[in-house]
>>> print(open('protein05.cif').read())   # mmCIF, N, CA and C atoms
data_upload
loop_
_atom_site.group_PDB
_atom_site.id
_atom_site.type_symbol
_atom_site.label_atom_id
_atom_site.label_comp_id
_atom_site.auth_asym_id
_atom_site.auth_seq_id
_atom_site.Cartn_x
_atom_site.Cartn_y
_atom_site.Cartn_z
ATOM 1 N N MET J 1420 0.832 -1.188 0.000
ATOM 2 C CA MET J 1420 0.000 0.000 0.000
ATOM 3 C C MET J 1420 0.870 1.243 0.000
ATOM 4 N N GLY J 1421 0.371 2.269 -0.672
ATOM 5 C CA GLY J 1421 1.053 3.545 -0.691
ATOM 6 C C GLY J 1421 0.667 4.378 0.513
ATOM 7 N N LYS J 1422 0.506 5.650 0.290
ATOM 8 C CA LYS J 1422 0.123 6.557 1.368
ATOM 9 C C LYS J 1422 -1.359 6.370 1.704
ATOM 10 N N ILE J 1423 -1.651 6.273 2.995
ATOM 11 C CA ILE J 1423 -3.022 6.032 3.469
ATOM 12 C C ILE J 1423 -3.673 7.358 3.868
ATOM 13 N N LYS J 1424 -4.917 7.535 3.438
ATOM 14 C CA LYS J 1424 -5.727 8.678 3.845
ATOM 15 C C LYS J 1424 -6.890 8.166 4.690
ATOM 16 N N THR J 1425 -7.285 8.960 5.663
ATOM 17 C CA THR J 1425 -8.467 8.647 6.463
ATOM 18 C C THR J 1425 -9.568 9.609 6.053
ATOM 19 N N VAL J 1426 -10.748 9.062 5.829
ATOM 20 C CA VAL J 1426 -11.892 9.888 5.436
ATOM 21 C C VAL J 1426 -13.040 9.644 6.409
ATOM 22 N N GLU J 1427 -13.836 10.678 6.578
ATOM 23 C CA GLU J 1427 -15.049 10.581 7.400
ATOM 24 C C GLU J 1427 -16.239 10.832 6.481
ATOM 25 N N ILE J 1428 -17.177 9.893 6.485
ATOM 26 C CA ILE J 1428 -18.356 9.996 5.632
ATOM 27 C C ILE J 1428 -19.589 9.938 6.525
ATOM 28 N N VAL J 1429 -20.473 10.894 6.374
ATOM 29 C CA VAL J 1429 -21.726 10.908 7.126
ATOM 30 C C VAL J 1429 -22.852 10.669 6.125
ATOM 31 N N VAL J 1430 -23.644 9.632 6.387
ATOM 32 C CA VAL J 1430 -24.720 9.231 5.483
ATOM 33 C C VAL J 1430 -26.038 9.245 6.250
ATOM 34 N N ARG J 1431 -27.093 9.725 5.596
ATOM 35 C CA ARG J 1431 -28.420 9.794 6.213
ATOM 36 C C ARG J 1431 -29.415 9.055 5.334
ATOM 37 N N GLY J 1432 -30.240 8.215 5.946
ATOM 38 C CA GLY J 1432 -31.255 7.476 5.200
ATOM 39 C C GLY J 1432 -31.685 6.234 5.961
ATOM 40 N N ASP J 1433 -32.274 5.286 5.254
ATOM 41 C CA ASP J 1433 -32.728 4.033 5.865
ATOM 42 C C ASP J 1433 -31.558 3.050 5.935
ATOM 43 N N ILE J 1434 -30.602 3.349 6.780
ATOM 44 C CA ILE J 1434 -29.349 2.593 6.884
ATOM 45 C C ILE J 1434 -29.613 1.146 7.313
ATOM 46 N N VAL J 1435 -30.413 0.958 8.351
ATOM 47 C CA VAL J 1435 -30.653 -0.368 8.900
ATOM 48 C C VAL J 1435 -31.577 -1.176 7.997
ATOM 49 N N GLU J 1436 -32.683 -0.588 7.584
ATOM 50 C CA GLU J 1436 -33.657 -1.311 6.767
ATOM 51 C C GLU J 1436 -33.085 -1.755 5.433
ATOM 52 N N LYS J 1437 -32.220 -0.946 4.841
ATOM 53 C CA LYS J 1437 -31.646 -1.272 3.535
ATOM 54 C C LYS J 1437 -30.303 -1.991 3.648
ATOM 55 N N ASN J 1438 -29.853 -2.253 4.882
ATOM 56 C CA ASN J 1438 -28.606 -2.975 5.129
ATOM 57 C C ASN J 1438 -27.425 -2.327 4.402
ATOM 58 N N LEU J 1439 -27.348 -1.023 4.487
ATOM 59 C CA LEU J 1439 -26.379 -0.237 3.732
ATOM 60 C C LEU J 1439 -24.930 -0.590 4.061
ATOM 61 N N ILE J 1440 -24.621 -0.836 5.317
ATOM 62 C CA ILE J 1440 -23.237 -1.114 5.722
ATOM 63 C C ILE J 1440 -22.751 -2.418 5.095
ATOM 64 N N LEU J 1441 -23.577 -3.459 5.135
ATOM 65 C CA LEU J 1441 -23.193 -4.740 4.530
ATOM 66 C C LEU J 1441 -23.044 -4.604 3.016
ATOM 67 N N LYS J 1442 -23.929 -3.865 2.385
ATOM 68 C CA LYS J 1442 -23.839 -3.664 0.934
ATOM 69 C C LYS J 1442 -22.558 -2.924 0.565
ATOM 70 N N LEU J 1443 -22.184 -1.936 1.366
ATOM 71 C CA LEU J 1443 -20.937 -1.216 1.109
ATOM 72 C C LEU J 1443 -19.741 -2.149 1.265
ATOM 73 N N ALA J 1444 -19.757 -2.970 2.298
ATOM 74 C CA ALA J 1444 -18.665 -3.923 2.510
ATOM 75 C C ALA J 1444 -18.552 -4.892 1.341
ATOM 76 N N ASN J 1445 -19.669 -5.391 0.850
ATOM 77 C CA ASN J 1445 -19.645 -6.324 -0.280
ATOM 78 C C ASN J 1445 -19.127 -5.661 -1.551
ATOM 79 N N ARG J 1446 -19.563 -4.441 -1.818
ATOM 80 C CA ARG J 1446 -19.072 -3.730 -3.010
ATOM 81 C C ARG J 1446 -17.575 -3.436 -2.896
ATOM 82 N N LEU J 1447 -17.153 -3.102 -1.702
ATOM 83 C CA LEU J 1447 -15.732 -2.816 -1.488
ATOM 84 C C LEU J 1447 -14.896 -4.077 -1.702
ATOM 85 N N LYS J 1448 -15.402 -5.199 -1.210
ATOM 86 C CA LYS J 1448 -14.700 -6.473 -1.379
ATOM 87 C C LYS J 1448 -14.584 -6.839 -2.865
ATOM 88 N N GLU J 1449 -15.656 -6.633 -3.613
ATOM 89 C CA GLU J 1449 -15.678 -6.958 -5.040
ATOM 90 C C GLU J 1449 -14.815 -6.009 -5.863
ATOM 91 N N SER J 1450 -14.603 -4.803 -5.389
ATOM 92 C CA SER J 1450 -13.899 -3.779 -6.163
ATOM 93 C C SER J 1450 -12.384 -3.929 -6.157
ATOM 94 N N ASN J 1451 -11.848 -4.634 -5.190
ATOM 95 C CA ASN J 1451 -10.390 -4.779 -5.033
ATOM 96 C C ASN J 1451 -9.676 -3.456 -4.749
ATOM 97 N N LEU J 1452 -10.412 -2.459 -4.247
ATOM 98 C CA LEU J 1452 -9.776 -1.221 -3.815
ATOM 99 C C LEU J 1452 -9.018 -1.481 -2.525
ATOM 100 N N ARG J 1453 -7.960 -0.734 -2.318
ATOM 101 C CA ARG J 1453 -7.192 -0.855 -1.078
ATOM 102 C C ARG J 1453 -7.801 0.103 -0.063
ATOM 103 N N ALA J 1454 -8.869 -0.368 0.566
ATOM 104 C CA ALA J 1454 -9.620 0.476 1.500
ATOM 105 C C ALA J 1454 -10.358 -0.411 2.494
ATOM 106 N N ASP J 1455 -10.672 0.174 3.631
ATOM 107 C CA ASP J 1455 -11.487 -0.481 4.649
ATOM 108 C C ASP J 1455 -12.196 0.620 5.430
ATOM 109 N N PHE J 1456 -13.186 0.257 6.232
ATOM 110 C CA PHE J 1456 -13.911 1.276 6.996
ATOM 111 C C PHE J 1456 -14.469 0.681 8.273
ATOM 112 N N SER J 1457 -14.756 1.561 9.202
ATOM 113 C CA SER J 1457 -15.510 1.206 10.396
ATOM 114 C C SER J 1457 -16.740 2.115 10.407
ATOM 115 N N SER J 1458 -17.749 1.714 11.158
ATOM 116 C CA SER J 1458 -18.983 2.498 11.118
ATOM 117 C C SER J 1458 -19.639 2.591 12.482
ATOM 118 N N SER J 1459 -20.426 3.628 12.615
ATOM 119 C CA SER J 1459 -21.261 3.830 13.786
ATOM 120 C C SER J 1459 -22.610 4.319 13.270
ATOM 121 N N VAL J 1460 -23.676 3.619 13.643
ATOM 122 C CA VAL J 1460 -25.003 3.957 13.145
ATOM 123 C C VAL J 1460 -25.865 4.422 14.315
ATOM 124 N N THR J 1461 -26.545 5.530 14.119
ATOM 125 C CA THR J 1461 -27.470 6.057 15.115
ATOM 126 C C THR J 1461 -28.882 5.957 14.555
ATOM 127 N N VAL J 1462 -29.745 5.305 15.323
ATOM 128 C CA VAL J 1462 -31.127 5.110 14.897
ATOM 129 C C VAL J 1462 -32.020 5.834 15.898
ATOM 130 N N PRO J 1463 -32.987 6.619 15.410
ATOM 131 C CA PRO J 1463 -33.936 7.226 16.342
ATOM 132 C C PRO J 1463 -34.734 6.114 17.036
ATOM 133 N N PRO J 1464 -35.523 6.418 18.032
ATOM 134 C CA PRO J 1464 -36.301 5.359 18.672
ATOM 135 C C PRO J 1464 -36.934 4.462 17.599
ATOM 136 N N PHE J 1465 -36.535 3.187 17.599
ATOM 137 C CA PHE J 1465 -36.735 2.313 16.453
ATOM 138 C C PHE J 1465 -38.189 2.165 16.015
ATOM 139 N N LEU J 1466 -39.094 1.882 16.932
ATOM 140 C CA LEU J 1466 -40.487 1.676 16.539
ATOM 141 C C LEU J 1466 -41.102 2.932 15.925
ATOM 142 N N LYS J 1467 -40.812 4.062 16.519
ATOM 143 C CA LYS J 1467 -41.321 5.324 15.979
ATOM 144 C C LYS J 1467 -40.660 5.644 14.637
ATOM 145 N N ALA J 1468 -39.363 5.340 14.533
ATOM 146 C CA ALA J 1468 -38.628 5.611 13.295
ATOM 147 C C ALA J 1468 -39.198 4.803 12.130
ATOM 148 N N VAL J 1469 -39.512 3.539 12.366
ATOM 149 C CA VAL J 1469 -40.062 2.694 11.303
ATOM 150 C C VAL J 1469 -41.464 3.171 10.924
ATOM 151 N N GLU J 1470 -42.260 3.474 11.934
ATOM 152 C CA GLU J 1470 -43.637 3.905 11.694
ATOM 153 C C GLU J 1470 -43.697 5.220 10.918
ATOM 154 N N ARG J 1471 -42.855 6.152 11.284
ATOM 155 C CA ARG J 1471 -42.902 7.483 10.674
ATOM 156 C C ARG J 1471 -41.821 7.706 9.620
ATOM 157 N N ARG J 1472 -41.049 6.672 9.313
ATOM 158 C CA ARG J 1472 -40.007 6.726 8.293
ATOM 159 C C ARG J 1472 -38.930 7.767 8.603
ATOM 160 N N TYR J 1473 -38.505 7.832 9.872
ATOM 161 C CA TYR J 1473 -37.404 8.707 10.257
ATOM 162 C C TYR J 1473 -36.092 8.098 9.760
ATOM 163 N N PRO J 1474 -35.205 8.895 9.224
ATOM 164 C CA PRO J 1474 -33.939 8.348 8.730
ATOM 165 C C PRO J 1474 -32.938 8.092 9.856
ATOM 166 N N SER J 1475 -32.041 7.159 9.591
ATOM 167 C CA SER J 1475 -30.925 6.884 10.492
ATOM 168 C C SER J 1475 -29.730 7.696 10.023
ATOM 169 N N LEU J 1476 -28.693 7.697 10.833
ATOM 170 C CA LEU J 1476 -27.463 8.414 10.497
ATOM 171 C C LEU J 1476 -26.286 7.474 10.712
ATOM 172 N N ALA J 1477 -25.402 7.389 9.731
ATOM 173 C CA ALA J 1477 -24.207 6.548 9.853
ATOM 174 C C ALA J 1477 -22.971 7.417 9.668
ATOM 175 N N VAL J 1478 -21.984 7.179 10.516
ATOM 176 C CA VAL J 1478 -20.689 7.833 10.366
ATOM 177 C C VAL J 1478 -19.700 6.721 10.041
ATOM 178 N N LEU J 1479 -19.054 6.839 8.898
ATOM 179 C CA LEU J 1479 -18.080 5.853 8.447
ATOM 180 C C LEU J 1479 -16.696 6.483 8.488
ATOM 181 N N TYR J 1480 -15.742 5.755 9.026
ATOM 182 C CA TYR J 1480 -14.347 6.187 8.991
ATOM 183 C C TYR J 1480 -13.611 5.200 8.112
ATOM 184 N N GLY J 1481 -13.127 5.687 6.986
ATOM 185 C CA GLY J 1481 -12.445 4.827 6.044
ATOM 186 C C GLY J 1481 -10.962 5.106 5.993
ATOM 187 N N THR J 1482 -10.198 4.055 5.763
ATOM 188 C CA THR J 1482 -8.775 4.193 5.475
ATOM 189 C C THR J 1482 -8.600 3.740 4.033
ATOM 190 N N VAL J 1483 -8.074 4.627 3.219
ATOM 191 C CA VAL J 1483 -8.015 4.402 1.783
ATOM 192 C C VAL J 1483 -6.625 4.743 1.271
ATOM 193 N N ASP J 1484 -6.103 3.891 0.383
ATOM 194 C CA ASP J 1484 -4.863 4.215 -0.302
ATOM 195 C C ASP J 1484 -5.134 5.461 -1.140
ATOM 196 N N ILE J 1485 -4.232 6.416 -1.117
ATOM 197 C CA ILE J 1485 -4.463 7.700 -1.792
ATOM 198 C C ILE J 1485 -4.749 7.521 -3.282
ATOM 199 N N GLU J 1486 -4.197 6.461 -3.888
ATOM 200 C CA GLU J 1486 -4.436 6.205 -5.307
ATOM 201 C C GLU J 1486 -5.866 5.742 -5.577
ATOM 202 N N ASP J 1487 -6.536 5.203 -4.568
ATOM 203 C CA ASP J 1487 -7.899 4.692 -4.721
ATOM 204 C C ASP J 1487 -8.967 5.621 -4.151
ATOM 205 N N LEU J 1488 -8.565 6.793 -3.686
ATOM 206 C CA LEU J 1488 -9.483 7.683 -2.985
ATOM 207 C C LEU J 1488 -10.683 8.087 -3.844
ATOM 208 N N PHE J 1489 -10.453 8.497 -5.083
ATOM 209 C CA PHE J 1489 -11.562 8.947 -5.928
ATOM 210 C C PHE J 1489 -12.484 7.792 -6.316
ATOM 211 N N GLN J 1490 -11.916 6.607 -6.519
ATOM 212 C CA GLN J 1490 -12.742 5.440 -6.826
ATOM 213 C C GLN J 1490 -13.570 5.029 -5.611
ATOM 214 N N PHE J 1491 -12.985 5.131 -4.421
ATOM 215 C CA PHE J 1491 -13.717 4.816 -3.187
ATOM 216 C C PHE J 1491 -14.884 5.780 -3.011
ATOM 217 N N LYS J 1492 -14.626 7.060 -3.233
ATOM 218 C CA LYS J 1492 -15.688 8.059 -3.110
ATOM 219 C C LYS J 1492 -16.802 7.779 -4.121
ATOM 220 N N ALA J 1493 -16.433 7.437 -5.346
ATOM 221 C CA ALA J 1493 -17.434 7.122 -6.373
ATOM 222 C C ALA J 1493 -18.237 5.882 -5.995
ATOM 223 N N LEU J 1494 -17.594 4.894 -5.393
ATOM 224 C CA LEU J 1494 -18.277 3.674 -4.963
ATOM 225 C C LEU J 1494 -19.316 3.995 -3.895
ATOM 226 N N VAL J 1495 -18.945 4.816 -2.918
ATOM 227 C CA VAL J 1495 -19.873 5.200 -1.844
ATOM 228 C C VAL J 1495 -21.028 6.023 -2.410
ATOM 229 N N GLU J 1496 -20.721 6.968 -3.293
ATOM 230 C CA GLU J 1496 -21.768 7.794 -3.893
ATOM 231 C C GLU J 1496 -22.739 6.959 -4.720
ATOM 232 N N SER J 1497 -22.219 5.998 -5.467
ATOM 233 C CA SER J 1497 -23.056 5.126 -6.287
ATOM 234 C C SER J 1497 -24.001 4.304 -5.415
ATOM 235 N N LEU J 1498 -23.478 3.731 -4.344
ATOM 236 C CA LEU J 1498 -24.309 2.931 -3.445
ATOM 237 C C LEU J 1498 -25.393 3.796 -2.798
ATOM 238 N N CYS J 1499 -25.018 4.967 -2.328
ATOM 239 C CA CYS J 1499 -26.001 5.851 -1.687
ATOM 240 C C CYS J 1499 -27.081 6.283 -2.677
ATOM 241 N N CYS J 1500 -26.698 6.514 -3.903
ATOM 242 C CA CYS J 1500 -27.673 6.877 -4.933
ATOM 243 C C CYS J 1500 -28.621 5.711 -5.193
ATOM 244 N N ASP J 1501 -28.073 4.495 -5.318
ATOM 245 C CA ASP J 1501 -28.896 3.300 -5.553
ATOM 246 C C ASP J 1501 -29.873 3.052 -4.410
ATOM 247 N N GLU J 1502 -29.442 3.300 -3.181
ATOM 248 C CA GLU J 1502 -30.255 3.012 -1.993
ATOM 249 C C GLU J 1502 -31.032 4.228 -1.494
ATOM 250 N N GLU J 1503 -30.990 5.325 -2.238
ATOM 251 C CA GLU J 1503 -31.716 6.554 -1.905
ATOM 252 C C GLU J 1503 -31.343 7.094 -0.524
ATOM 253 N N CYS J 1504 -30.042 7.112 -0.254
ATOM 254 C CA CYS J 1504 -29.518 7.707 0.970
ATOM 255 C C CYS J 1504 -28.728 8.956 0.578
ATOM 256 N N ALA J 1505 -28.566 9.862 1.505
ATOM 257 C CA ALA J 1505 -27.870 11.117 1.224
ATOM 258 C C ALA J 1505 -26.518 11.130 1.923
ATOM 259 N N ILE J 1506 -25.501 11.547 1.186
ATOM 260 C CA ILE J 1506 -24.199 11.771 1.789
ATOM 261 C C ILE J 1506 -24.197 13.197 2.322
ATOM 262 N N ILE J 1507 -24.116 13.329 3.634
ATOM 263 C CA ILE J 1507 -24.122 14.646 4.266
ATOM 264 C C ILE J 1507 -22.747 15.281 4.152
ATOM 265 N N SER J 1508 -21.711 14.480 4.358
ATOM 266 C CA SER J 1508 -20.343 15.006 4.203
ATOM 267 C C SER J 1508 -19.390 13.876 3.848
ATOM 268 N N PHE J 1509 -18.323 14.234 3.151
ATOM 269 C CA PHE J 1509 -17.235 13.325 2.812
ATOM 270 C C PHE J 1509 -15.968 14.152 2.957
ATOM 271 N N GLU J 1510 -15.263 13.934 4.056
ATOM 272 C CA GLU J 1510 -14.103 14.774 4.348
ATOM 273 C C GLU J 1510 -12.859 13.944 4.584
ATOM 274 N N GLU J 1511 -11.748 14.442 4.076
ATOM 275 C CA GLU J 1511 -10.445 13.842 4.372
ATOM 276 C C GLU J 1511 -9.968 14.375 5.716
ATOM 277 N N LEU J 1512 -9.491 13.493 6.556
ATOM 278 C CA LEU J 1512 -9.006 13.907 7.878
ATOM 279 C C LEU J 1512 -7.493 13.995 7.857
#
>>> encode(input="protein05.cif", output="structure tokens")
Amino acid sequence: MGKIKTVEIVVRGDIVEKNLILKLANRLKESNLRADFSSSVTVPPFLKAVERRYPSLAVLYGTVDIEDLFQFKALVESLCCDEECAIISFEEL
């Protein structure tokens, strides 16, 4: 691996219902990008959230080889677009 960058991605949407974290992991595995991530998901009170369709919030911390950074960002954006989730921020730390 070359130089590693850390990125913080904040995503809003139906994270749990659409299994967004697992889908991202599977796409990342299939892509052969030199990247990995950890995640933290915040869900509003679950029963009320499901009933009223309140969105969840996920914060992802990724470590990405600098050469794969733009492809990683495109992969995350593509998945969020497919799953109708919004990327609130994508920042390099």
>>> residues_around(input="protein05.cif", residues="segment 1431-1444 of chain J", least_positions_apart="2", cutoff="5 Å", atoms="all atoms listed in the file", output="list of chain:residue names")
J:Val1429, J:Arg1446, J:Leu1447, J:Lys1448, J:Pro1474, J:Ser1475, J:Leu1476, J:Cys1504, J:Ala1505
>>> resolve_selection(input="protein05.cif", expression="the PyMOL selection byres ((chain J and resi 1479) around 6)", output="list in words")
Val1426, Glu1427, Ile1428, Val1429, Val1430, Ser1457, Ser1458, Ser1459, Ala1477, Val1478, Tyr1480 and Gly1481 of chain J
>>> atom_distance(input="protein05.cif", atom1="atom CA of Ile1506 of chain J", atom2="atom N of Lys1467 of chain J")
23.5 Å
>>> closest_residue(input="protein05.cif", among="J:Ala1454, J:Leu1512, J:Leu1466, J:Val1460", to="Lys1492 of chain J", atoms="only C-alpha atoms")
J:Ala1454
>>> atom_distance(input="protein05.cif", atom1="atom CA of Glu1496 of chain J", atom2="atom CA of Val1469 of chain J")
24.3 Å
>>> atom_distance(input="protein05.cif", atom1="atom CA of Leu1498 of chain J", atom2="atom C of Arg1453 of chain J")
17.1 Å
>>> closest_residue(input="protein05.cif", among="J:Pro1463, J:Asp1484, J:Leu1494, J:Tyr1473", to="Glu1449 of chain J", atoms="only C-alpha atoms")
J:Leu1494
>>> select_by_dssp(input="protein05.cif", residues="chain J", states="helix (DSSP H, G or I)", output="NGL selection string")
:J and (1439-1450 or 1465-1471 or 1485-1501)
>>> select_by_dssp(input="protein05.cif", residues="chain J", states="strand (DSSP E or B)", output="ChimeraX atom specification")
/J:1423-1432,1454-1461,1475-1484,1505-1511
>>> residues_around(input="protein05.cif", residues="Thr1482 of chain J", least_positions_apart="4", cutoff="5 Å", atoms="all atoms listed in the file", output="short mmCIF file (atom, residue, chain, number, x, y, z; two decimals) with N, CA and C atoms, in the frame of the given file")
data_model
loop_
_atom_site.label_atom_id
_atom_site.label_comp_id
_atom_site.auth_asym_id
_atom_site.auth_seq_id
_atom_site.Cartn_x
_atom_site.Cartn_y
_atom_site.Cartn_z
N LYS J 1424 -4.92 7.54 3.44
CA LYS J 1424 -5.73 8.68 3.84
C LYS J 1424 -6.89 8.17 4.69
N THR J 1425 -7.28 8.96 5.66
CA THR J 1425 -8.47 8.65 6.46
C THR J 1425 -9.57 9.61 6.05
N ALA J 1454 -8.87 -0.37 0.57
CA ALA J 1454 -9.62 0.48 1.50
C ALA J 1454 -10.36 -0.41 2.49
N ASP J 1455 -10.67 0.17 3.63
CA ASP J 1455 -11.49 -0.48 4.65
C ASP J 1455 -12.20 0.62 5.43
N PHE J 1456 -13.19 0.26 6.23
CA PHE J 1456 -13.91 1.28 7.00
C PHE J 1456 -14.47 0.68 8.27
#
